[in-house]
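Participant: I have a structure here, written as structure tokens, and I will follow up with some questions on it.
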Amino acid sequence: MKIIIVGGGNNVYFLTKIFISKGYNVTIINSDKEECVKLARIYNIVTVNGDATKPYILEDAGVAYTDLVIALTSKDQSNLVICQLAEKIFKVSRTFAVVNDPNNVDIFKELGVDTVISTTDIISSLIEQRISIEDIINLIPMEEGKVINLEVEILEDSPVINNKLKDLSMPEDSTIGCIIRNDKPVIPNGDTIILLNDKLIILCLPKVQSNVLKSITGRIE
Amino acid sequence: MSKKILIVDDEKNIRLTLKKCLEDQRYEIFIATNGEEGISKIKSENFDLVMLDIKMPGLNGMQVLKEIRDKGINVNVIMMTAYGTIEKAVEAMKLGAIDFISKPFTPEEVRVIVKEVLERQEIKVEEIESKDKITYKDALQYGKKCLQNRKYSDAEEYLKKAIGLNVDAPEPHNLLGILLEYKNNIQSALNHYRVALSLDAAYKPAQHNLDRATEYMYTRKGIDFGDDNDDAQ
Amino acid sequence: MTMLNKKKDEYIIIVGCGRLGGSIANLLSKEGKSIVVIDKNESAFTKLSDDFSGFTLEANAIELDTLLRAKIDKADVVVVATDDDNTNIMIAQIAKIIYKVPRVITRLYEPAREEVYKNLNIDTICPTNLSALEFKNIIINNGEKVEK
């Protein structure tokens with residue numbers, strides 16, 4: 001998978017590291033020349049120095065051949081423009097923006113950005129969760145990778161479509177926790193049948209993640 | 001005979017904006033640039049309506065209102081508020097002012113509220129009761145007229161009728177809330193504000209009232225309105 | 001019931017009181033329109049003429065709260081004239097797509113970004129293109145105006 005990351009401070013270093021370890025092809029656009037030089041040297045990747053809200057900079061970074069653009073600059077409006085240029089001019093299939101102002105999450109989604117995350121929302125909700133949950137340990141991935149939380153949509157070519165849950169051969173150390181069907185949660189049991197467009201929420205240990213995906217989708221991502 | 005409207009506001013651009021959009025409607029417009037001038041003009045002439053800015057240097061809008069009411073002048077008043085200020089809705093209601101418009105306002109908003117206030121003046125209870133069926137609009141407007149004239153039990157009656165005639169409307173709940181606050185029935189007042197908001201989450205007057213009412217301390221002595229010069233927010 | 005006279009371009013919000021925004025505000029105010037000018041800095045409003053008869057709002061227009069405060073949902077026209085293309089692009093779309101303002105006009109410095117506005121029914125004024133066209137007319141056609 002080819003990814004372009006725009007901006008970001010320290011996050012970019014760690015994010016790039018993770019992506020490269022997964023075998024993805026990463027290109028970075030950053031307005032700070034020194035950052036670009038450093039990143040290029042450390043990770044042996046292509047970096048482009050410039051303002052990614054200018055189409056020719058995106059072009060230089062090979063946006064036409066990219067699968068995913070991640071906009072992490074400090075300005076929400078820049079992140080919006082980056083994603084929109086990528087999508088409208090260069091037909092990039094997936095865009096991802098981080099926003100500072102929580103109000104912008106819904107706005108960006110309405111304006112066509114695929115995935116929008118508000119760092120403010122995440123931090124404040126984590127703090128709230130920490131305060132309210134005492135006995136239950138929160139196992140969502142942020143907890144140092146102890147448990148993977150996957151959401152997988154069942155498409156036409158899925159090998160498990162129309163199968164009962166109990167007939168699936170899921171790897172050990174994995175479980176289907178919940179099914180989202182028509183935007184409503186369904187807590188499944190062994191006899192639940194998996195339908196087209198169901199979204200399966202699967203919990204598993206990191207070591208079996210690929211096997212889980214293979215069982216459900218038939219492919220290795 | 002065209003209606004006479006007095007605009008009392010210290011900001012030139014507001015006076016000009018209002019003058020422009022009201023003259024189009026063929027009202028006769030008069031100007032006062034501060035509270036004292038406003039009081040003096042109101043005392044010397046009969047206006048059909050006064051548009052009164054709340055926040056002015058020197059005498060503010062509430063003080064002007066109090067002064068003219070003390071002198072027995074019952075002219076219709078529309079209070080103009082700046083964004084972020086929390087209206088002293090109960091205090092204003094006690095002085096017979098229940099209409100508010102917040103800045104910035106569109107020409108449309110001004111025309112609509114001015115028309116409503118002037119028409120409300122003409123309502124006669126016998127007329128609306130003599131119809132086959134009293135309408136929501138009639139009940140609401142007459143309820144408002146009673147509030148302005150401090151006929152509180154009639155006001156309560158007609159506001160409740162209005163609620164019955166249109167269960168989705170936030171406005172009568174909001175007004176009833178203010179009336180209940182005045183009667184010191186705080187819990188019921190808060191309930192009505194909350195109902196108004198559940199009917200329309202964006203209905204600002206009810207939100208302001210709820211914020212204001214839950215913020216102030218209610219002691220046995222009565223309602224504490226806070227500092228007269230509070231610049232809320 | 002009398003029909004209240006509602007014209008199509010009465011309540012106009014202008015975002016950015018720089019040289020462009022300020023001039024537009026003055027011109028439109030003279031024409032009798034009801035204007036709200038938004039700018040981050042109070043000092044920008046000194047550009048407005050003495051007989052400017054609209055509202056000023058000192059706030060950051062990129063925050064949704066500011067736009068709501070200016071009553072964007074009631075606007076007939078929104079003019080977006082800050083000096084940053086990206087800010088303009090975001091505000092123009094919020095006005096057009098989310099609040100369905102009938103007419104939205106924005107300045108765009110970098111012509112290459114124009115694609116973002118495609119099919120959105122937002123009018124863009126690109127100073128670079130307009131100026132280039134003027135220069136060309138002067139050079140090639142001796143100042144005669146030619147259709148683009």
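Chain labels run A, B, ... following the order of the structure tokens; each chain numbers its residues from 1, and ligands are numbered from 1 in the order shown.
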Please report, as CSV, each residue of chain C lying at most 6 Å from chain A, together with the nearest pair of atoms and the separation in Å rounded to one decimal; use only C-alpha atoms, and order rows by chain and ascending residue number.
Facilitator:
```
residue,atom,partner,partner_atom,distance
C:Asn86,CA,A:Gln77,CA,5.6
C:Thr87,CA,A:Gln77,CA,5.6
C:Met90,CA,A:Gln77,CA,5.9
```
Participant: Output N, CA, C and O atoms of each residue in that selection to a file, as a PDB file, in the first residue's frame.
Facilitator:
```
ATOM      1  N   ASN C  86      -6.739  28.452   1.821  1.00  0.00           N
ATOM      2  CA  ASN C  86      -7.255  27.250   2.485  1.00  0.00           C
ATOM      3  C   ASN C  86      -8.386  27.606   3.442  1.00  0.00           C
ATOM      4  O   ASN C  86      -9.400  26.920   3.516  1.00  0.00           O
ATOM      5  N   THR C  87      -8.202  28.705   4.166  1.00  0.00           N
ATOM      6  CA  THR C  87      -9.266  29.194   5.042  1.00  0.00           C
ATOM      7  C   THR C  87     -10.505  29.519   4.216  1.00  0.00           C
ATOM      8  O   THR C  87     -11.623  29.150   4.566  1.00  0.00           O
ATOM      9  N   MET C  90     -12.358  26.409   3.005  1.00  0.00           N
ATOM     10  CA  MET C  90     -13.139  25.743   4.058  1.00  0.00           C
ATOM     11  C   MET C  90     -14.410  26.517   4.390  1.00  0.00           C
ATOM     12  O   MET C  90     -15.513  25.955   4.435  1.00  0.00           O
TER      13      MET C  90
END
```
Participant: Which residues, written as a PyMOL selection string, have at least one atom at most 8 Å from region 34-48 of chain A, with only C-alpha atoms counted and residues fewer than 3 positions away on the same chain left out?
Facilitator: chain A and resi 13+17+26-30+57+60-61
Participant: Considering only alpha helix (DSSP H) as DSSP defines it on the backbone, what residues of region 69-98 of chain A qualify? List them as a list in words.
Facilitator: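 After running DSSP on the backbone, region 69-98 of chain A has alpha helix (DSSP H) at Asp76, Gln77, Ser78, Asn79, Leu80, Val81, Ile82, Cys83, Gln84, Leu85, Ala86, Glu87 and Lys88 of chain A.
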Participant: Using only C-alpha atoms and a cut-off of 6 Å, which residues of chain B sit close to chain C? Please list them as number ranges by chain.
Facilitator: B: 13, 16-17, 106
Participant: Go ahead and compute the interatomic distance for CA of Ile201 (chain A) and CA of Arg181 (chain A), in Å to one decimal.
Facilitator: 10.9 Å
Participant: Excluding Glu87 (chain B) and its own-chain neighbours fewer than 3 positions away, which residues fall within 8 Å of it when counting only C-alpha atoms? Please give them as a ChimeraX atom specification.
Facilitator: /B:81,208-209
